[in-house]
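The structure under discussion appears below in the form of structure tokens.
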Amino acid sequence: MSEAILKIENVSKVFGGLRAVDQVSFEIEKGEIVGLIGPNGAGKTTLFNVISGYYAPTEGSITFQGRAISGFPPYRLAREGIGRTFQIVKPFAGLTVLENVVIASFLKYPRMADAEKNAERILDFTGLIDKKDESAQGLTLAGRKRLEISKALALEPSLLLLDEVVAGLNPTEADKTIELILKVRDQGVTILIVEHIMRVIMNISDRVVVLNYGQKIAEGKPGEVAKNPTVIEAYLGEAQA
Amino acid sequence: MISLLPQALIDGILIGGIYITFAIGFSLAFGVMHIIDFAVGEWVMLGAFMGYYLNRWLGLDTVVFLPVVFVVFGFIGYILQPVIYKVLSGKRGNPHLMGLVFTFGLGLMFRGLGLTFFGFYSHSLKTFLSSGSFSLDLGSVFITIPTVRLAGLFYALIITFGLTYILKKTDFGIAARAVAQNRDAAGLMGVNIERISSFIYAIYVGISAMTGILIGSVFSINAQMGGKYTIMAFFVVVLAGMGYLAGVPWAAFLLGIVQAIFLIYFNPGWTLLAVFIILYVILLVSPKGLFGRGI
Amino acid sequence: MKSRGRFLWIFVVVFGLFCIVPLLTKNTFFLRIATEALMWIGLAITWDVLAGYTGYLNFGHGAFFGIGAYTTAILMTKAHWFFFPSAFVGGMIAGLVALLAGFPTLRLYGAYFAIATWALGRAFQQLALVLDITGGPDGMRLPTFLNPVFFFYTMLIFVGGLFLILWFLLERAPFGLKLKAIREDEEGAMAIGLNPARVKVMAFIVSAIPAGIIGGIYAYWITYINPASTLGDLVTDQAVVMAVFGGLGTLIGPTIGAALIYAFKTYFWAYLSQYQVLYLVILGAAIAASVVFLPDGLWGAFVSRQEGRKALKKGLALKKEKRA
């Protein structure tokens, strides 16, 4: 076991009176894929937004590679090495696929020529190189999700936060994206993934963290968590509701 | 000098009262339609001139024309709103940007029309209220209140309470507030957003134009007066917090008092600069307004 | 990448044509019109840096022009500086004002920025009216240097150079792409390491400095400035209509818009001088009508028409544009 790359300690996020994330703690180790699951409204995306700096945590602390990063704005976290994708994909619509990734590459390669070279390398890796001169808004949903991953990868992050990158894709596209995620992990990137589709999470995660009503209710290997009665109850509760 | 302070405060409240009326409409239109109307001062100007000309042609007291101006300009606003709606829901470019550019263009056009038809000269509106004034002699303090300014305050209170009543108690008002709070949800609940927007814009334009008559009887009117009132409307809504209606009266009174104090104690030429500096400090320190409730 | 060579070619030809204008005519009226046309091109493209590339509307662009004009006038008459350093300092002060005004407002929702810049324009006009050093409503006289050819070339070289620099900065360099990213989606831009407020403030400064220098050149050229002529609304109004009418988000659109609107204005004021205020009505109507009927401006409409034709030739159906 290597040391933790991300440490989340007693993090809460309160909106008005609602505790969207409530005293959550867990750690992610270098090189792992950790799945974050939970029924709808469990606070997964909120926690994601807290980790990536879009919301400041109300309580608790987040440590990334030994540095306290709670309350850092997103662009600073990007510099620290945290890349993220958005559940609702956000390509820069008026620009081409290549330009989208070039902009993200500026963080590590401030010069135009270097950034372009890096962007082409990334698009080659993610399989979008054939579409590099197309307008980003013209891509299919699968293409846009891939573009999201490409942009995050262009930051050369040590931690990648993936928000529902598989949901909404057909099975073939989904398998290709899963393959891509595993490829990224093999390059040494640590991954925290939120996903609705259980099959995906259970297959690729080394460990799973389960949230319900903002609280962590379970953590462990996918197989163990799937058998955990509290987890089953949380999901059954949702199915009955 | 100290003895002038009560007078300054009273003057300020009386001036501020008039600002409430068009600023509240402006804030309402912003909340419901998400549009900043750069033509707000021009509506005031056009309304004032309509009152002026009606008075000259018909000879009746200008105050009589308040409802006429409201109806005419309300109608203009009602038929103009669909155009703004079309711009804001445009598919290409950046619709919100285009909305701002559109009202900016409208304001410029109205100012040009005003100069073309009304000329460069200043006029004042005569009403039976213009002449009288009340005096209060409290020994060391002597306060004068012109009748017309007092009438202006009453007018402002009527408008404010009337609007508050409509927004809080009628179905239309509740629907309008729902649209302001959450457009999409209101649309899903079956509120006809476009119709609500049309009525809100009509009410706002009507009130602004009507207020022009009051302003014209207190101060004077000319075709270039619009900019001054646009800046007052901006100031009031930013101070109150954009879209936060309950903050508008307090912000308007504060602005009126700042203005009155500058008129009495300092060079009036510095008033606008003082207002601007306050605006800047607010944006720097608390962009959501004095009450932190704007968007 | 392909258009790079062609662009530079066209630029060199147009610039060359302008260069020989003074050799062809000694008509000072014509030279004056050409100089002013160049000035408006400069103001329209600098306005578009913010509006078209970043998506923030600066309704106080005239303030930067006026700040440059007044700074130049004050330095030349009170401190007896030479013209070039005065105009340069004028530009720097305009940039400084942009920094101070942009810092609190560009962090906010775009409507705040529009309001704040509009107020800024008014505030500087008022400041010039009440200060002693600016001569109040009487304005200021500058040392006279009546050499139309000098001013024509000064304006030509400055605006030509500005065009090239902006083209490089916005269309070739990382800066332009960063601006476009901010325009398209600020939240998304943050995730890839861009600090939106910082990038926007930089764009604001890039747009303000040249506007200030142009104001300085104007002041020395015209020799007399007052609050109405340099800090009035008309400077902003015209820059806005030129850029919007020509087409936002490009350099060529505002250039075309500036040339057309300025030509119209010159014609209008020359032949219909008794109806000068009617010009405001036309400007306002032109802005409003462009927004409704030509949201991409003349150039945008032209380009999409060309692209549509190309697509038709290839036998492709035009996809309806979608944009949230």
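By convention in this document, the chains of the structure tokens carry letters A, B, ... by their order, each chain's residues are numbered from 1, and ligands are numbered from 1 in the order they are shown.
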Please, which residues in segment 128-224 of chain C fall within 9 Å of segment 2-17 of chain C when counting only C-alpha atoms, and what is the closest atom pair and distance in Å to one decimal for each, ordered by chain then residue number, as CSV?
```
residue,atom,partner,partner_atom,distance
C:Leu156,CA,C:Phe15,CA,8.1
C:Ile157,CA,C:Phe15,CA,8.9
C:Gly160,CA,C:Phe15,CA,7.1
C:Leu164,CA,C:Phe11,CA,8.5
```
Could those selected residues go to a file with N, CA and C atoms, as a PDB file, in the first residue's frame?
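For reference, part_8.pdb as written:
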```pdb
ATOM      1  N   LEU C 156      -2.483  55.762 -39.237  1.00  0.00           N
ATOM      2  CA  LEU C 156      -2.407  54.575 -40.093  1.00  0.00           C
ATOM      3  C   LEU C 156      -1.458  53.542 -39.489  1.00  0.00           C
ATOM      4  N   ILE C 157      -0.272  54.018 -39.080  1.00  0.00           N
ATOM      5  CA  ILE C 157       0.718  53.071 -38.545  1.00  0.00           C
ATOM      6  C   ILE C 157       0.228  52.503 -37.219  1.00  0.00           C
ATOM      7  N   GLY C 160      -2.915  50.240 -37.990  1.00  0.00           N
ATOM      8  CA  GLY C 160      -2.445  49.078 -38.748  1.00  0.00           C
ATOM      9  C   GLY C 160      -1.673  48.127 -37.847  1.00  0.00           C
ATOM     10  N   LEU C 164      -2.639  44.244 -36.558  1.00  0.00           N
ATOM     11  CA  LEU C 164      -1.757  43.076 -36.650  1.00  0.00           C
ATOM     12  C   LEU C 164      -1.532  42.436 -35.283  1.00  0.00           C
TER      13      LEU C 164
END
```
List the spatial neighbours of Met50 of chain B as a PyMOL selection string - criterion: any atom at most 9 Å away, only C-alpha atoms, same-chain residues fewer than 2 positions off excluded.
chain B and resi 45-48+52-55+65+69+209+213
Writer output for current selection, N, CA and C atoms, as a compact mmCIF listing (two decimals), in the first residue's frame:
```txt
# COMPACT_ATOMS: atom_id res chain seq x y z
N MET B 45 -38.04 60.07 -19.59
CA MET B 45 -38.00 61.28 -20.42
C MET B 45 -39.22 61.35 -21.35
N LEU B 46 -39.51 60.24 -22.03
CA LEU B 46 -40.62 60.25 -22.98
C LEU B 46 -41.95 60.50 -22.27
N GLY B 47 -42.11 59.87 -21.10
CA GLY B 47 -43.34 60.08 -20.34
C GLY B 47 -43.49 61.54 -19.94
N ALA B 48 -42.38 62.13 -19.49
CA ALA B 48 -42.42 63.52 -19.07
C ALA B 48 -42.83 64.42 -20.22
N TYR B 52 -45.97 66.90 -20.82
CA TYR B 52 -45.75 68.31 -21.15
C TYR B 52 -46.60 68.74 -22.34
N TYR B 53 -46.60 67.92 -23.41
CA TYR B 53 -47.34 68.30 -24.61
C TYR B 53 -48.84 68.19 -24.41
N LEU B 54 -49.28 67.16 -23.69
CA LEU B 54 -50.72 67.04 -23.42
C LEU B 54 -51.20 68.28 -22.67
N ASN B 55 -50.37 68.71 -21.71
CA ASN B 55 -50.73 69.89 -20.94
C ASN B 55 -50.82 71.12 -21.83
N PHE B 65 -52.96 63.72 -16.39
CA PHE B 65 -52.51 62.82 -17.45
C PHE B 65 -51.74 61.60 -16.95
N VAL B 69 -50.73 58.58 -19.45
CA VAL B 69 -49.34 58.22 -19.78
C VAL B 69 -49.07 56.77 -19.41
N ALA B 209 -42.63 55.85 -17.21
CA ALA B 209 -43.06 57.02 -17.97
C ALA B 209 -43.90 57.96 -17.10
N ILE B 213 -43.54 62.43 -15.28
CA ILE B 213 -44.37 63.61 -15.01
C ILE B 213 -44.04 64.18 -13.64
```
With 9 Å as the cut-off and only C-alpha atoms counted, what is the closest atom pair between each nearby residue of chain A and chain C? Distances in Å to one decimal, ordered by chain and number, as CSV.
```
residue,atom,partner,partner_atom,distance
A:Ser52,CA,C:Ala191,CA,7.9
A:Gly53,CA,C:Ala191,CA,8.9
A:Tyr54,CA,C:Glu187,CA,8.5
A:Pro73,CA,C:Met190,CA,8.1
A:Pro74,CA,C:Ala191,CA,5.5
A:Tyr75,CA,C:Gly193,CA,3.9
A:Arg76,CA,C:Gly193,CA,6.5
A:Leu77,CA,C:Gly193,CA,7.5
A:Ala78,CA,C:Gly193,CA,4.9
A:Arg79,CA,C:Gly193,CA,6.0
A:Ile82,CA,C:Ala191,CA,8.7
A:Gly83,CA,C:Ala191,CA,6.9
A:Arg84,CA,C:Ala191,CA,6.6
A:Thr85,CA,C:Ala191,CA,8.1
A:Phe86,CA,C:Gly188,CA,8.1
A:Val89,CA,C:Gly188,CA,8.9
A:Lys90,CA,C:Gly188,CA,6.0
A:Pro91,CA,C:Gly188,CA,7.6
A:Phe92,CA,C:Glu184,CA,5.3
A:Ala93,CA,C:Glu184,CA,6.6
A:Gly94,CA,C:Glu184,CA,7.1
A:Leu95,CA,C:Lys180,CA,8.0
A:Glu99,CA,C:Leu177,CA,7.4
A:Asn100,CA,C:Ala181,CA,7.9
A:Val102,CA,C:Leu177,CA,8.4
A:Ile103,CA,C:Lys178,CA,6.3
A:Ala104,CA,C:Ile192,CA,5.2
A:Ser105,CA,C:Ile192,CA,8.3
A:Phe106,CA,C:Pro174,CA,7.3
A:Leu107,CA,C:Gly193,CA,6.3
A:Pro110,CA,C:Pro174,CA,7.5
A:Arg111,CA,C:Pro174,CA,7.2
A:Met112,CA,C:Pro174,CA,5.9
A:Ala115,CA,C:Pro174,CA,8.9
A:Gln137,CA,C:Lys322,CA,7.6
A:Gly138,CA,C:Lys322,CA,8.6
A:Lys151,CA,C:Ile192,CA,7.2
A:Ala152,CA,C:Ile192,CA,6.8
A:Ala154,CA,C:Ile192,CA,8.4
A:Leu155,CA,C:Ile192,CA,6.7
```
Please, which residues in chain B fall within 8 Å of chain C when counting only C-alpha atoms, and what is the closest atom pair and distance in Å to one decimal for each, ordered by chain then residue number, as a tab-separated table?
```
residue	atom	partner	partner_atom	distance
B:Ile36	CA	C:Ala111	CA	6.8
B:Val83	CA	C:Val292	CA	7.8
B:Lys86	CA	C:Val292	CA	7.9
B:Val87	CA	C:Val292	CA	6.2
B:Lys91	CA	C:Arg323	CA	6.2
B:Arg92	CA	C:Arg323	CA	6.5
B:Gly93	CA	C:Pro295	CA	6.8
B:Asn94	CA	C:Gly55	CA	7.6
B:Leu97	CA	C:Gly55	CA	6.9
B:Met98	CA	C:Val291	CA	6.1
B:Gly99	CA	C:Val291	CA	8.0
B:Leu100	CA	C:Ala111	CA	7.8
B:Val101	CA	C:Ile287	CA	7.2
B:Phe102	CA	C:Ala288	CA	4.8
B:Thr103	CA	C:Ala288	CA	7.4
B:Phe104	CA	C:Gly284	CA	7.7
B:Gly105	CA	C:Gly284	CA	4.2
B:Leu106	CA	C:Gly284	CA	5.8
B:Gly107	CA	C:Gly284	CA	7.2
B:Leu108	CA	C:Gly284	CA	4.8
B:Met109	CA	C:Gly284	CA	4.1
B:Phe110	CA	C:Val281	CA	6.9
B:Arg111	CA	C:Val281	CA	7.4
B:Gly112	CA	C:Val281	CA	4.6
B:Leu113	CA	C:Val281	CA	5.9
B:Leu115	CA	C:Val277	CA	6.3
B:Thr116	CA	C:Val277	CA	5.8
B:Ile231	CA	C:Ala119	CA	6.6
B:Phe234	CA	C:Ile115	CA	6.9
B:Gly269	CA	C:Val130	CA	6.3
B:Trp270	CA	C:Val130	CA	7.3
B:Leu272	CA	C:Ala123	CA	6.7
B:Leu273	CA	C:Ala123	CA	5.7
B:Phe276	CA	C:Ala123	CA	6.5
B:Tyr280	CA	C:Ala116	CA	7.8
B:Leu283	CA	C:Pro104	CA	6.1
B:Leu284	CA	C:Pro104	CA	4.9
B:Pro287	CA	C:Leu108	CA	7.7
```
Extract, using only C-alpha atoms, all DNA, RNA and protein residues at most 10 Å from segment 241-248 of chain B, discarding same-chain residues fewer than 5 positions from it, and format them as a PyMOL selection string.
(chain B and resi 19-21+23-32+34+36+160+164+180-181+233-236+253-254+282+286-295) or (chain C and resi 111-112)
Would you give me, as a ChimeraX atom specification, the residues in segment 18-267 of chain B that DSSP reads as helix (DSSP H, G or I)?
/B:18-33,40-58,62-88,95-118,147-169,171-181,183-188,193-218,226-240,245-265
Please, which residues of segment 131-207 of chain A, numbered as in this document, come out strand (DSSP E or B) from DSSP, as number ranges by chain?
A: 135, 159-163, 190-194, 207
Nearby residues (only C-alpha atoms) at most 8 Å from Ala234 of chain A, same-chain spacing under 6 positions excluded, as a ChimeraX atom specification
/A:38-39,212
Same residues, N, CA and C atoms, saved as a tab-separated table (two decimals), in the first residue's frame:
```tsv
chain	number	residue	atom	x	y	z
A	38	GLY	N	-24.07	5.75	-4.97
A	38	GLY	CA	-25.12	6.07	-4.03
A	38	GLY	C	-26.39	6.35	-4.81
A	39	PRO	N	-27.55	6.25	-4.15
A	39	PRO	CA	-28.81	6.53	-4.84
A	39	PRO	C	-28.86	8.00	-5.29
A	212	ASN	N	-25.15	7.86	1.11
A	212	ASN	CA	-26.61	7.93	1.13
A	212	ASN	C	-27.01	9.10	2.03
```
Gly223 of chain A environment, 8 Å, only C-alpha atoms, sequence neighbours closer than 3 positions dropped, as number ranges by chain:
A: 202, 226-227
May I have the residues from that selection written out with N, CA and C atoms, as a compact mmCIF listing (two decimals), in the first residue's frame?
```
# COMPACT_ATOMS: atom_id res chain seq x y z
N MET A 202 -18.58 -1.60 -10.59
CA MET A 202 -18.17 -2.85 -9.98
C MET A 202 -17.02 -3.48 -10.75
N ALA A 226 -21.18 -4.83 -2.35
CA ALA A 226 -22.43 -5.29 -2.97
C ALA A 226 -23.23 -6.19 -2.03
N LYS A 227 -22.50 -6.82 -1.09
CA LYS A 227 -23.20 -7.72 -0.16
C LYS A 227 -23.62 -7.02 1.13
```
